[in-house]
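Content type compact mmCIF, C-alpha atoms, from the file run_6.txt:
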# COMPACT_ATOMS: atom_id res chain seq x y z
CA MET A 447 12.25 44.93 43.48
CA CYS A 448 13.47 48.24 44.71
CA THR A 449 13.27 50.29 41.55
CA VAL A 450 16.01 52.59 42.66
CA CYS A 451 18.99 50.47 43.39
CA GLY A 452 17.75 47.28 41.79
CA CYS A 453 18.12 45.24 44.95
CA GLY A 454 15.73 42.31 44.89
CA GLN A 455 13.01 43.05 47.41
CA GLY A 456 10.18 41.81 45.25
CA GLU A 457 8.07 38.75 45.71
CA THR A 458 10.49 36.43 44.04
CA SER A 459 12.44 34.88 46.81
CA ILE A 460 15.08 32.29 46.35
CA GLU A 461 15.50 29.96 49.24
CA GLY A 462 18.81 30.31 51.02
CA HIS A 463 19.45 33.71 49.56
CA GLU A 464 18.60 36.33 52.14
CA HIS A 465 18.54 39.76 50.68
CA GLU A 466 18.25 42.38 53.33
CA HIS A 467 20.65 45.22 53.30
CA PRO A 468 20.46 48.75 54.50
CA HIS A 469 20.63 50.96 51.47
CA GLU A 470 21.61 54.49 51.08
CA HIS A 471 20.96 56.25 47.87
CA SER A 472 19.54 59.40 46.57
CA HIS A 473 16.18 59.05 44.97
CA PRO A 474 13.36 61.33 44.12
CA HIS A 475 10.28 59.22 44.72
CA ASP A 476 8.25 57.29 47.19
CA HIS A 477 8.75 53.71 48.12
CA ALA A 478 8.92 51.38 51.05
CA HIS A 479 12.21 50.16 52.32
CA GLU A 480 13.75 48.25 55.09
CA HIS A 481 16.13 49.38 57.79
CA ARG A 482 18.40 47.18 59.81
CA HIS A 483 19.31 48.47 63.23
CA GLU A 484 22.52 47.75 65.05
CA ASP A 485 20.79 45.32 67.36
CA GLY A 486 19.84 43.29 64.33
CA THR A 487 16.14 44.09 64.23
CA VAL A 488 14.82 44.84 60.82
CA HIS A 489 11.78 46.89 60.20
CA SER A 490 10.13 48.11 57.13
CA HIS A 491 8.12 51.23 56.68
CA PRO A 492 6.63 53.22 53.88
CA HIS A 493 8.86 56.01 52.79
CA PRO A 494 6.54 58.56 51.34
CA HIS A 495 8.91 61.33 50.41
CA GLU A 496 8.29 63.13 53.64
CA HIS A 497 11.66 63.55 55.20
CA SER A 498 13.95 66.45 55.29
CA HIS A 499 16.61 66.29 52.70
CA GLU A 500 18.64 68.73 50.78
CA HIS A 501 18.80 69.01 47.07
CA THR A 502 22.13 69.53 45.51
CA GLU A 503 22.15 69.71 41.74
CA HIS A 504 20.23 66.50 41.34
CA GLY A 505 21.12 64.37 44.31
CA HIS A 506 19.42 64.16 47.68
CA ALA A 507 21.18 63.78 50.95
CA HIS A 508 18.88 61.99 53.35
CA ASP A 509 18.77 62.95 56.94
CA PRO A 510 18.98 59.60 58.72
CA LEU A 511 17.09 61.00 61.70
CA HIS A 512 14.05 61.97 59.73
CA ASP A 513 10.65 61.60 61.20
CA PRO A 514 8.66 59.71 58.61
CA ASN A 515 5.45 61.22 59.90
CA THR A 516 6.36 64.79 59.23
CA PRO A 517 5.13 65.90 55.85
CA HIS A 518 6.91 68.74 54.20
CA TYR A 519 7.67 70.12 50.82
CA HIS A 520 10.94 70.37 48.97
CA GLU A 521 12.71 73.55 48.25
CA HIS A 522 14.61 73.57 45.04
CA LYS A 523 16.62 76.61 44.15
CA GLY A 524 13.84 78.92 45.21
CA ASP A 525 11.09 76.91 43.51
CA ILE A 526 8.73 74.97 45.67
CA HIS A 527 7.27 71.68 44.65
CA TYR A 528 5.54 68.96 46.56
CA GLY A 529 7.06 66.01 44.81
CA LEU A 530 4.12 65.90 42.45
CA GLY A 531 5.74 67.70 39.54
CA PRO A 532 5.99 66.08 36.12
CA ALA A 533 7.10 62.65 37.20
CA HIS A 534 9.37 64.24 39.76
CA ALA A 535 11.35 66.13 37.15
CA HIS A 536 13.79 68.34 38.93
CA ALA A 537 14.05 71.04 36.35
CA PRO A 538 10.51 72.12 35.61
CA GLY A 539 10.21 73.91 32.33
CA LEU A 540 13.36 72.47 30.83
CA SER A 541 11.73 69.36 29.48
CA GLN A 542 9.29 68.94 26.59
CA GLU A 543 7.68 66.23 28.62
CA ARG A 544 4.42 66.58 30.41
CA MET A 545 2.74 64.38 32.91
CA VAL A 546 -0.63 62.79 32.34
CA ARG A 547 -2.51 61.69 35.41
CA ILE A 548 -4.17 58.34 34.89
CA GLU A 549 -5.10 56.84 38.27
CA GLN A 550 -6.75 53.83 36.70
CA ASP A 551 -7.05 50.34 37.94
CA ILE A 552 -5.12 47.97 35.66
CA LEU A 553 -7.99 45.52 35.89
CA GLY A 554 -10.53 48.31 35.44
CA LYS A 555 -11.67 47.11 32.04
CA ASN A 556 -12.15 43.55 33.25
CA ASN A 557 -14.02 44.85 36.27
CA THR A 558 -16.38 46.83 34.04
CA TYR A 559 -17.22 43.69 32.09
CA ALA A 560 -17.57 41.79 35.35
CA GLY A 561 -20.05 44.43 36.54
CA GLU A 562 -22.10 43.91 33.38
CA ASN A 563 -22.10 40.15 33.91
CA ARG A 564 -23.11 40.65 37.54
CA GLN A 565 -26.02 42.80 36.45
CA TYR A 566 -27.07 40.17 33.91
CA PHE A 567 -27.02 37.51 36.65
CA ALA A 568 -29.08 39.73 38.95
CA GLU A 569 -31.66 40.51 36.27
CA HIS A 570 -32.04 36.85 35.40
CA GLY A 571 -32.04 35.41 38.91
CA LEU A 572 -28.88 33.43 38.27
CA PHE A 573 -26.56 32.24 40.99
CA ALA A 574 -23.12 32.28 39.32
CA ILE A 575 -20.09 30.59 40.77
CA ASN A 576 -16.54 30.54 39.50
CA LEU A 577 -14.86 27.18 40.09
CA VAL A 578 -11.11 27.38 40.36
CA SER A 579 -8.47 24.76 41.06
CA SER A 580 -5.32 23.19 39.75
CA PRO A 581 -5.70 20.83 36.79
CA GLY A 582 -6.86 17.38 37.81
CA SER A 583 -8.64 18.30 41.04
CA GLY A 584 -11.84 16.76 39.76
CA LYS A 585 -13.73 19.92 38.83
CA THR A 586 -15.45 18.49 35.79
CA THR A 587 -16.39 15.24 37.51
CA LEU A 588 -17.84 17.28 40.38
CA LEU A 589 -19.78 19.39 37.89
CA VAL A 590 -21.18 16.37 36.07
CA LYS A 591 -22.23 14.80 39.35
CA THR A 592 -23.75 18.09 40.54
CA ILE A 593 -25.77 18.50 37.34
CA GLU A 594 -27.02 14.92 37.57
CA ASP A 595 -28.07 15.39 41.19
CA LEU A 596 -29.80 18.72 40.49
CA ALA A 597 -31.61 17.44 37.41
CA GLY A 598 -35.28 18.35 37.59
CA ARG A 599 -34.70 20.63 40.59
CA LEU A 600 -32.88 23.58 39.05
CA PRO A 601 -31.87 24.77 35.61
CA VAL A 602 -28.07 24.59 35.36
CA GLY A 603 -25.73 26.02 32.74
CA VAL A 604 -21.98 25.74 32.46
CA VAL A 605 -19.18 27.82 30.98
CA GLU A 606 -16.07 25.70 30.52
CA GLY A 607 -12.66 27.29 30.35
CA ASP A 608 -9.64 25.42 29.02
CA GLN A 609 -6.66 26.34 26.93
CA GLN A 610 -7.66 23.92 24.21
CA THR A 611 -10.27 21.26 23.29
CA SER A 612 -13.97 21.06 24.03
CA PHE A 613 -13.65 17.76 25.95
CA ASP A 614 -15.05 19.25 29.14
CA ALA A 615 -18.01 20.99 27.51
CA ASP A 616 -18.74 17.72 25.70
CA ARG A 617 -18.80 15.91 29.03
CA ILE A 618 -21.21 18.49 30.44
CA ARG A 619 -23.43 18.49 27.35
CA ALA A 620 -23.69 14.71 27.65
CA THR A 621 -25.65 15.30 30.87
CA GLY A 622 -28.16 17.39 28.94
CA ALA A 623 -27.16 20.71 30.50
CA PRO A 624 -26.26 23.61 28.20
CA ALA A 625 -22.52 24.28 28.13
CA ILE A 626 -20.21 26.59 26.24
CA GLN A 627 -16.51 25.90 25.94
CA VAL A 628 -14.19 28.89 26.01
CA ASN A 629 -10.71 28.10 24.75
CA THR A 630 -8.31 30.67 26.04
CA GLY A 631 -5.53 29.73 23.61
CA LYS A 632 -2.37 30.98 25.24
CA GLY A 633 -4.35 32.50 28.09
CA CYS A 634 -4.06 31.15 31.60
CA HIS A 635 -7.45 32.30 32.91
CA LEU A 636 -10.96 33.31 31.92
CA ASP A 637 -11.73 37.00 31.96
CA ALA A 638 -15.06 38.74 32.32
CA HIS A 639 -15.20 39.67 28.65
CA MET A 640 -14.95 36.01 27.55
CA VAL A 641 -17.67 35.04 30.01
CA GLY A 642 -19.91 37.84 28.72
CA HIS A 643 -19.64 36.42 25.21
CA ALA A 644 -20.29 32.91 26.46
CA LEU A 645 -23.47 34.16 28.19
CA GLU A 646 -24.76 35.57 24.91
CA ARG A 647 -24.55 32.12 23.36
CA LEU A 648 -25.64 30.09 26.34
CA ASN A 649 -29.21 31.40 26.51
CA LEU A 650 -29.79 30.25 30.04
CA PRO A 651 -33.29 30.04 31.48
CA ASP A 652 -33.92 32.46 34.34
CA ASP A 653 -33.77 31.50 38.01
CA GLY A 654 -31.05 28.91 38.02
CA LEU A 655 -27.41 28.08 38.53
CA LEU A 656 -24.48 29.04 36.34
CA MET A 657 -21.23 27.25 37.01
CA ILE A 658 -18.12 28.70 35.40
CA GLU A 659 -15.29 26.20 35.36
CA ASN A 660 -12.14 28.24 35.10
CA VAL A 661 -8.89 27.16 33.50
CA GLY A 662 -7.08 24.68 35.73
CA ASN A 663 -4.62 27.04 37.36
CA LEU A 664 -4.26 27.95 41.01
CA VAL A 665 -2.64 31.30 40.34
CA CYS A 666 -3.99 33.58 37.62
CA PRO A 667 -7.77 33.15 37.84
CA SER A 668 -7.64 34.56 41.38
CA SER A 669 -7.26 38.12 40.08
CA PHE A 670 -10.05 38.15 37.53
CA ASP A 671 -13.56 38.92 38.65
CA LEU A 672 -16.02 37.33 36.25
CA GLY A 673 -19.09 38.81 37.91
CA GLU A 674 -19.68 35.67 39.96
CA ALA A 675 -21.29 35.57 43.39
CA HIS A 676 -18.49 33.39 44.77
CA LYS A 677 -15.23 31.85 43.78
CA VAL A 678 -15.15 28.22 44.86
CA VAL A 679 -11.72 26.64 45.12
CA ILE A 680 -11.51 22.89 44.74
CA LEU A 681 -8.60 21.10 46.28
CA SER A 682 -8.29 17.36 45.97
CA VAL A 683 -6.72 15.39 48.78
CA THR A 684 -4.21 13.87 46.36
CA GLU A 685 -2.54 17.27 46.06
CA GLY A 686 -0.93 17.89 49.45
CA GLU A 687 -2.29 19.84 52.40
CA ASP A 688 0.16 22.73 52.02
CA LYS A 689 -1.31 24.00 48.76
CA PRO A 690 -3.18 26.89 50.43
CA LEU A 691 0.14 28.25 51.67
CA LYS A 692 1.85 27.66 48.34
CA TYR A 693 -0.88 29.37 46.32
CA PRO A 694 -2.31 31.88 48.79
CA ASP A 695 -3.89 34.29 46.31
CA MET A 696 -6.48 31.78 45.19
CA PHE A 697 -7.47 30.70 48.69
CA HIS A 698 -7.73 34.34 49.63
CA ALA A 699 -10.03 35.11 46.71
CA ALA A 700 -12.34 32.14 47.34
CA ASP A 701 -15.35 32.03 49.68
CA LEU A 702 -15.71 28.27 49.73
CA MET A 703 -13.18 25.46 49.57
CA ILE A 704 -14.25 22.02 48.47
CA LEU A 705 -11.95 19.30 49.64
CA ASN A 706 -12.55 16.77 46.91
CA LYS A 707 -11.78 13.04 46.48
CA ILE A 708 -12.12 12.38 50.22
CA ASP A 709 -12.92 8.74 49.42
CA LEU A 710 -9.16 8.38 48.80
CA LEU A 711 -8.16 9.57 52.28
CA PRO A 712 -7.55 6.05 53.67
CA TYR A 713 -4.80 5.56 51.09
CA LEU A 714 -3.07 8.88 51.62
CA THR A 715 -1.20 10.77 54.32
CA PHE A 716 -3.22 13.93 53.70
CA ASP A 717 -3.91 15.82 56.95
CA VAL A 718 -7.38 17.33 56.54
CA ASP A 719 -7.28 19.48 59.69
CA LYS A 720 -3.89 20.89 58.80
CA CYS A 721 -5.08 21.73 55.31
CA ILE A 722 -8.13 23.57 56.64
CA ASP A 723 -5.97 25.37 59.19
CA TYR A 724 -3.57 26.49 56.43
CA ALA A 725 -6.44 27.65 54.24
CA ARG A 726 -7.97 29.67 57.07
CA ARG A 727 -4.63 31.31 57.79
CA ILE A 728 -4.95 32.83 54.35
CA ASN A 729 -8.67 33.45 54.59
CA PRO A 730 -10.25 33.31 58.05
CA LYS A 731 -13.76 33.44 56.57
CA LEU A 732 -13.33 30.51 54.18
CA GLU A 733 -16.10 27.90 54.32
CA VAL A 734 -15.05 24.29 53.82
CA LEU A 735 -16.96 21.30 52.49
CA LYS A 736 -15.56 17.77 52.30
CA VAL A 737 -16.80 15.97 49.24
CA SER A 738 -16.28 12.92 47.10
CA ALA A 739 -17.81 13.37 43.67
CA THR A 740 -17.19 9.68 42.98
CA THR A 741 -18.95 8.14 45.99
CA GLY A 742 -21.35 11.04 46.58
CA GLU A 743 -20.14 11.59 50.15
CA GLY A 744 -20.69 15.19 51.25
CA MET A 745 -22.60 16.02 48.07
CA GLU A 746 -25.80 16.83 49.95
CA ARG A 747 -24.20 19.76 51.77
CA TRP A 748 -22.69 21.05 48.52
CA LEU A 749 -26.05 20.83 46.78
CA ALA A 750 -27.71 22.58 49.73
CA TRP A 751 -25.14 25.38 49.49
CA LEU A 752 -25.88 25.79 45.79
CA THR A 753 -29.64 25.65 46.20
CA GLU A 754 -29.51 28.25 48.92
CA GLY A 755 -27.51 30.53 46.64
CA VAL A 756 -30.01 30.08 43.84
CA ASP A 757 -32.90 30.81 46.23
CA VAL A 758 -31.25 34.07 47.27
CA ALA A 759 -30.68 35.05 43.62
CA ILE A 760 -34.30 34.28 42.73
CA ALA A 761 -35.62 36.17 45.74
CA ALA A 762 -33.49 39.20 44.84
CA ARG A 763 -34.78 39.16 41.27
CA GLN A 764 -38.36 38.76 42.48
CA GLN A 765 -37.90 41.72 44.78
CA ASN A 766 -36.66 43.82 41.87
CA VAL A 767 -39.57 42.72 39.73
CA ASN A 768 -42.01 43.60 42.51
CA LEU A 769 -40.42 47.01 42.98
CA LEU A 770 -40.67 47.67 39.26
CA LYS A 771 -44.30 46.52 39.20
CA LYS A 772 -45.07 48.81 42.10
CA ARG A 773 -43.37 51.69 40.33
CA ILE A 774 -45.29 50.99 37.12
CA ALA A 775 -48.57 50.89 39.06
CA GLU A 776 -47.71 54.25 40.66
CA LEU A 777 -46.91 55.82 37.31
CA GLU A 778 -50.06 54.40 35.72
CA ALA A 779 -52.13 55.76 38.60
CA ARG A 780 -50.55 59.16 38.09
CA LEU A 781 -51.27 59.04 34.37
CA ALA A 782 -54.87 58.01 35.02
CA ALA A 783 -55.30 60.90 37.46
CA LYS A 784 -54.07 63.34 34.81
CA GLY A 785 -56.24 61.85 32.09
CA MET B 81 1.27 35.06 37.27
CA HIS B 82 -0.76 36.61 34.45
CA GLU B 83 1.61 39.55 34.02
CA MET B 84 1.22 39.44 30.26
CA SER B 85 -2.52 40.16 30.51
CA LEU B 86 -1.83 42.91 32.99
CA ALA B 87 0.81 44.40 30.70
CA GLU B 88 -1.70 44.40 27.86
CA GLY B 89 -4.23 46.06 30.16
CA ILE B 90 -1.70 48.75 30.98
CA LEU B 91 -0.96 49.34 27.28
CA GLN B 92 -4.68 49.64 26.65
CA ILE B 93 -4.97 52.29 29.36
CA VAL B 94 -1.95 54.14 27.91
CA GLU B 95 -3.32 54.01 24.36
CA ASP B 96 -6.77 55.18 25.49
CA ALA B 97 -5.09 58.14 27.18
CA ALA B 98 -3.00 58.83 24.05
CA GLY B 99 -6.18 59.00 21.97
CA LYS B 100 -7.93 61.33 24.40
CA GLN B 101 -5.03 63.56 25.37
CA ASN B 102 -3.28 63.60 22.06
CA PHE B 103 0.29 62.59 22.75
CA LYS B 104 2.57 60.62 20.51
CA LYS B 105 5.20 59.28 22.84
CA VAL B 106 5.29 58.01 26.38
CA THR B 107 8.65 58.21 28.10
CA GLU B 108 7.68 56.95 31.52
CA VAL B 109 4.86 54.92 33.02
CA ARG B 110 4.35 54.97 36.77
CA LEU B 111 2.49 52.13 38.39
CA GLU B 112 1.30 51.46 41.90
CA ILE B 113 1.38 47.78 42.75
CA GLY B 114 0.29 46.60 46.18
CA ALA B 115 2.44 44.09 48.02
CA LEU B 116 -0.54 41.70 48.25
CA SER B 117 -1.69 42.08 44.66
CA GLY B 118 0.02 38.89 43.53
CA VAL B 119 1.98 40.72 40.87
CA GLU B 120 5.61 39.91 40.34
CA PRO B 121 7.26 43.27 39.61
CA ASP B 122 10.19 41.90 37.62
CA ALA B 123 7.92 39.80 35.43
CA LEU B 124 5.56 42.73 34.87
CA THR B 125 8.43 45.02 33.87
CA PHE B 126 9.69 42.36 31.48
CA CYS B 127 6.25 41.88 29.91
CA LEU B 128 5.73 45.63 29.58
CA ASP B 129 8.96 45.92 27.68
CA VAL B 130 7.68 43.36 25.19
CA VAL B 131 4.11 44.66 24.99
CA PHE B 132 5.17 48.30 24.58
CA ARG B 133 7.18 47.53 21.42
CA GLY B 134 5.73 49.21 18.38
CA SER B 135 3.34 51.30 20.52
CA VAL B 136 3.37 54.89 21.78
CA ALA B 137 5.10 53.59 24.85
CA GLU B 138 7.99 51.85 23.11
CA GLY B 139 11.10 52.17 25.24
CA ALA B 140 9.25 53.90 28.09
CA ARG B 141 10.74 53.64 31.55
CA VAL B 142 8.60 51.75 34.00
CA GLU B 143 8.56 53.01 37.57
CA LEU B 144 6.95 50.56 39.90
CA GLU B 145 5.87 51.76 43.28
CA ARG B 146 5.13 49.07 45.82
CA LEU B 147 2.33 49.88 48.22
CA PRO B 148 2.60 48.20 51.61
CA GLY B 149 0.28 45.37 52.61
CA GLN B 150 -2.27 45.85 55.36
CA GLY B 151 -4.54 43.50 57.20
CA PHE B 152 -7.20 43.63 59.86
CA CYS B 153 -6.46 41.32 62.75
CA LEU B 154 -9.71 39.89 64.10
CA ALA B 155 -8.06 39.02 67.41
CA CYS B 156 -6.54 42.48 68.01
CA ALA B 157 -9.42 44.25 66.21
CA GLU B 158 -7.03 46.61 64.52
CA THR B 159 -5.19 47.21 61.28
CA VAL B 160 -1.70 45.77 61.13
CA PRO B 161 1.04 45.72 58.48
CA VAL B 162 1.51 42.44 56.63
CA THR B 163 3.83 41.47 53.80
CA ALA B 164 2.00 38.37 52.56
CA LEU B 165 -1.48 36.89 52.66
CA TYR B 166 -0.31 34.10 54.93
CA ASP B 167 1.39 36.39 57.45
CA ALA B 168 0.46 36.11 61.09
CA CYS B 169 -0.49 39.25 62.98
CA PRO B 170 2.80 40.92 63.99
CA LYS B 171 1.27 41.82 67.37
CA CYS B 172 -0.49 38.70 68.59
CA GLY B 173 0.71 35.99 66.21
CA SER B 174 -2.81 35.01 65.20
CA TYR B 175 -3.54 34.07 61.60
CA GLN B 176 -6.97 35.67 61.79
CA VAL B 177 -5.81 38.49 59.58
CA GLN B 178 -7.94 39.69 56.70
CA ALA B 179 -6.06 41.58 54.00
CA THR B 180 -7.44 45.10 53.71
CA GLY B 181 -4.81 47.06 51.81
CA GLY B 182 -1.99 46.48 49.37
CA THR B 183 -4.01 44.66 46.74
CA GLU B 184 -4.03 47.65 44.38
CA MET B 185 -2.81 47.55 40.78
CA ARG B 186 -3.00 50.97 39.22
CA VAL B 187 -1.52 53.08 36.48
CA LYS B 188 -0.72 56.27 38.34
CA ASP B 189 0.55 58.62 35.68
CA LEU B 190 2.53 58.93 32.48
CA LEU B 191 5.28 61.18 31.32
CA VAL B 192 4.58 62.03 27.70
CA GLU B 193 5.92 64.12 24.87
Would you kindly transcribe this structure into structure tokens?
Amino acid sequence: MCTVCGCGQGETSIEGHEHEHPHEHSHPHDHAHEHRHEDGTVHSHPHPHEHSHEHTEHGHAHDPLHDPNTPHYHEHKGDIHYGLGPAHAHAPGLSQERMVRIEQDILGKNNTYAGENRQYFAEHGLFAINLVSSPGSGKTTLLVKTIEDLAGRLPVGVVEGDQQTSFDADRIRATGAPAIQVNTGKGCHLDAHMVGHALERLNLPDDGLLMIENVGNLVCPSSFDLGEAHKVVILSVTEGEDKPLKYPDMFHAADLMILNKIDLLPYLTFDVDKCIDYARRINPKLEVLKVSATTGEGMERWLAWLTEGVDVAIAARQQNVNLLKKRIAELEARLAAKG
Amino acid sequence: MHEMSLAEGILQIVEDAAGKQNFKKVTEVRLEIGALSGVEPDALTFCLDVVFRGSVAEGARVELERLPGQGFCLACAETVPVTALYDACPKCGSYQVQATGGTEMRVKDLLVE
């Protein structure tokens, strides 16, 4: 939304309600806005407070012929300010207010926790993936099948996120793999802090796979880094091929898309190629695997992808260990030389 | 989407700053929200209003600055403006566009008393 005039230019768009209008108003801050020319073309450009305009008492008259690329300062009754004064107050010194610079990422705290998780994974040779999808895409079934297939080959642990119940963790534990259920209560996603706590309780063996099954939700989990190596989005073919376009944030955040339940394709009108094309419009680098957790079709490639990830994590840990060993040997040699 | 969590994150940032910089009241909070960040400005403003109640920021104005979206078009090999993650390149029409800017979500500054 344009915060100045209140015209709805935000991301909420209501079909059939076009909202483009040229607006003229006086305003003292930066924002982007749209211009409509007489020939009907509309263009939008950032409007970073860099045009010539005159201050009257508190209003600005905009020069419509401004060059948006020309930076300049504002003159205000003899005072000079660069638009960076206390929250663009126009009468410096008259107000008791002061401005506090913050410049902090809103997700900064989550990202700090995510960084700690990432370090934990690196130190323990764990390949961590964050599985995201809408509810009912078959995440848990895929996990159970994956754990069964990897049994004896790799240690696997699971963090299960759901609003309520421990049904999913129970299903995982039935396979013999360690699992921790995180109930988010009213929350719509897992955050890095919750995962950090789950890790404390999970006590995973080193050099293995950690699968974090996020809350079934194609929107919110996309923004929260949990410290994982990859987000994996699971889309089942019963859902409709246009989901990547409807929920672009998630497909943008993911590195791999699993098209699940492909055994049902003969009974559906799902267009696989179209779906992949839509997903790659959002994310040109997205990898795609076609899988049926029920029949096992495509599972080999999925397991190979996981094993490869685990191998890389183990190799990275080994390299760190070797570097540390080398460093210790150097220090010991130096100590011995002194002694 | 998860605007409530974000609003709580913003309050946390504000309260941390209040503790460090010793102010008792916040009259304005300025945010920078990228066009591709997946944040719904109206919903965020609404949530902030609720979350700020009873805090140092109760009743504070929320100024939301939208930062434009940017992508790198693999076909054109250059940075182009985009308004959504699913936008085609405005120059060549290709969908091989990787978002590179406009995903920010930041608290820029506060006006305090």
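The gap separating CA of Leu777 in chain A from CA of Gly571 in chain A is 25.3 Å, in Å to one decimal.
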Counting only C-alpha atoms, give me one row per residue of chain B with an atom at most 8 Å from an atom of chain A, showing the shortest contact pair and its distance in Å to one decimal, sorted by chain then residue number, as CSV.
residue,atom,partner,partner_atom,distance
B:Met81,CA,A:Cys666,CA,5.5
B:His82,CA,A:Cys666,CA,5.4
B:Leu86,CA,A:Ile552,CA,6.6
B:Gly89,CA,A:Ile552,CA,5.9
B:Ile90,CA,A:Ile552,CA,5.8
B:Ile93,CA,A:Ile552,CA,7.6
B:Ala97,CA,A:Ile548,CA,7.8
B:Gly118,CA,A:Asp695,CA,6.6
B:Glu120,CA,A:Glu457,CA,6.0
B:Pro121,CA,A:Gly456,CA,6.5
B:Asp122,CA,A:Met447,CA,6.9
B:Glu143,CA,A:Thr449,CA,6.7
B:Leu144,CA,A:Thr449,CA,6.5
B:Glu145,CA,A:His477,CA,6.0
B:Arg146,CA,A:His477,CA,6.3
B:Leu147,CA,A:Ala478,CA,7.3
B:Pro148,CA,A:Pro492,CA,6.8
B:Leu165,CA,A:Ile728,CA,5.6
B:Tyr166,CA,A:Ile728,CA,4.8
B:Asp167,CA,A:Arg727,CA,7.9
B:Ala168,CA,A:Arg727,CA,7.7
B:Tyr175,CA,A:Arg727,CA,4.8
B:Gln176,CA,A:Pro730,CA,5.5
B:Val177,CA,A:Pro730,CA,7.0
B:Gln178,CA,A:Asn729,CA,6.6
B:Glu184,CA,A:Asp551,CA,7.6
B:Met185,CA,A:Ile552,CA,5.6
B:Arg186,CA,A:Asp551,CA,4.3
B:Val187,CA,A:Gln550,CA,5.3
B:Lys188,CA,A:Glu549,CA,4.4
B:Asp189,CA,A:Arg547,CA,4.3
B:Leu190,CA,A:Val546,CA,5.0
B:Leu191,CA,A:Met545,CA,4.4
B:Val192,CA,A:Arg544,CA,5.3
B:Glu193,CA,A:Glu543,CA,4.6
Save the residues we just selected, C-alpha atoms, as a PDB file, in the coordinates of the input?
ATOM      1  CA  MET B  81       1.270  35.060  37.270  1.00  0.00           C
ATOM      2  CA  HIS B  82      -0.760  36.610  34.450  1.00  0.00           C
ATOM      3  CA  LEU B  86      -1.830  42.910  32.990  1.00  0.00           C
ATOM      4  CA  GLY B  89      -4.230  46.060  30.160  1.00  0.00           C
ATOM      5  CA  ILE B  90      -1.700  48.750  30.980  1.00  0.00           C
ATOM      6  CA  ILE B  93      -4.970  52.290  29.360  1.00  0.00           C
ATOM      7  CA  ALA B  97      -5.090  58.140  27.180  1.00  0.00           C
ATOM      8  CA  GLY B 118       0.020  38.890  43.530  1.00  0.00           C
ATOM      9  CA  GLU B 120       5.610  39.910  40.340  1.00  0.00           C
ATOM     10  CA  PRO B 121       7.260  43.270  39.610  1.00  0.00           C
ATOM     11  CA  ASP B 122      10.190  41.900  37.620  1.00  0.00           C
ATOM     12  CA  GLU B 143       8.560  53.010  37.570  1.00  0.00           C
ATOM     13  CA  LEU B 144       6.950  50.560  39.900  1.00  0.00           C
ATOM     14  CA  GLU B 145       5.870  51.760  43.280  1.00  0.00           C
ATOM     15  CA  ARG B 146       5.130  49.070  45.820  1.00  0.00           C
ATOM     16  CA  LEU B 147       2.330  49.880  48.220  1.00  0.00           C
ATOM     17  CA  PRO B 148       2.600  48.200  51.610  1.00  0.00           C
ATOM     18  CA  LEU B 165      -1.480  36.890  52.660  1.00  0.00           C
ATOM     19  CA  TYR B 166      -0.310  34.100  54.930  1.00  0.00           C
ATOM     20  CA  ASP B 167       1.390  36.390  57.450  1.00  0.00           C
ATOM     21  CA  ALA B 168       0.460  36.110  61.090  1.00  0.00           C
ATOM     22  CA  TYR B 175      -3.540  34.070  61.600  1.00  0.00           C
ATOM     23  CA  GLN B 176      -6.970  35.670  61.790  1.00  0.00           C
ATOM     24  CA  VAL B 177      -5.810  38.490  59.580  1.00  0.00           C
ATOM     25  CA  GLN B 178      -7.940  39.690  56.700  1.00  0.00           C
ATOM     26  CA  GLU B 184      -4.030  47.650  44.380  1.00  0.00           C
ATOM     27  CA  MET B 185      -2.810  47.550  40.780  1.00  0.00           C
ATOM     28  CA  ARG B 186      -3.000  50.970  39.220  1.00  0.00           C
ATOM     29  CA  VAL B 187      -1.520  53.080  36.480  1.00  0.00           C
ATOM     30  CA  LYS B 188      -0.720  56.270  38.340  1.00  0.00           C
ATOM     31  CA  ASP B 189       0.550  58.620  35.680  1.00  0.00           C
ATOM     32  CA  LEU B 190       2.530  58.930  32.480  1.00  0.00           C
ATOM     33  CA  LEU B 191       5.280  61.180  31.320  1.00  0.00           C
ATOM     34  CA  VAL B 192       4.580  62.030  27.700  1.00  0.00           C
ATOM     35  CA  GLU B 193       5.920  64.120  24.870  1.00  0.00           C
TER      36      GLU B 193
END
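With all atoms listed in the file as the basis for measurement, B:Ser174 is the residue among B:Thr107, B:Gln92, B:Ser85, B:Ser174 that approaches Phe152 in chain B most closely.
Here the question is which of B:Ala157, B:Val94, B:Met84, B:Ala123 gets nearest to Glu108 in chain B using all atoms listed in the file, and that residue is B:Val94.
The coordinates place CA of Glu88 in chain B at 29.4 Å from CA of Lys585 in chain A.
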Quick one: axis-aligned box around all listed atoms of range 97-114 of chain B, 6 Å on every side, centre and edge lengths in Å to one decimal, written as JSON.
{"center_x": 0.4, "center_y": 55.1, "center_z": 33.3, "size_x": 28.6, "size_y": 29.0, "size_z": 37.7}
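Candidate residues A:Gly642, A:Gly607, A:Gly561, A:Gly654 were compared for distance to Ile593 in chain A, and the nearest is A:Gly654, using only C-alpha atoms.
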Separation of CA of Leu711 in chain A from CA of His676 in chain A in Å: 27.0 Å
Who sits within 9 Å of range 734-747 of chain A, only C-alpha atoms, same chain under 5 positions skipped, as a ChimeraX atom specification: /A:584,587-592,595,701-710,722,752
Given all atoms listed in the file as the counted atoms, nearest of A:Gln765, A:Arg647, A:Val661, A:Asp652 to Asn629 in chain A: A:Val661
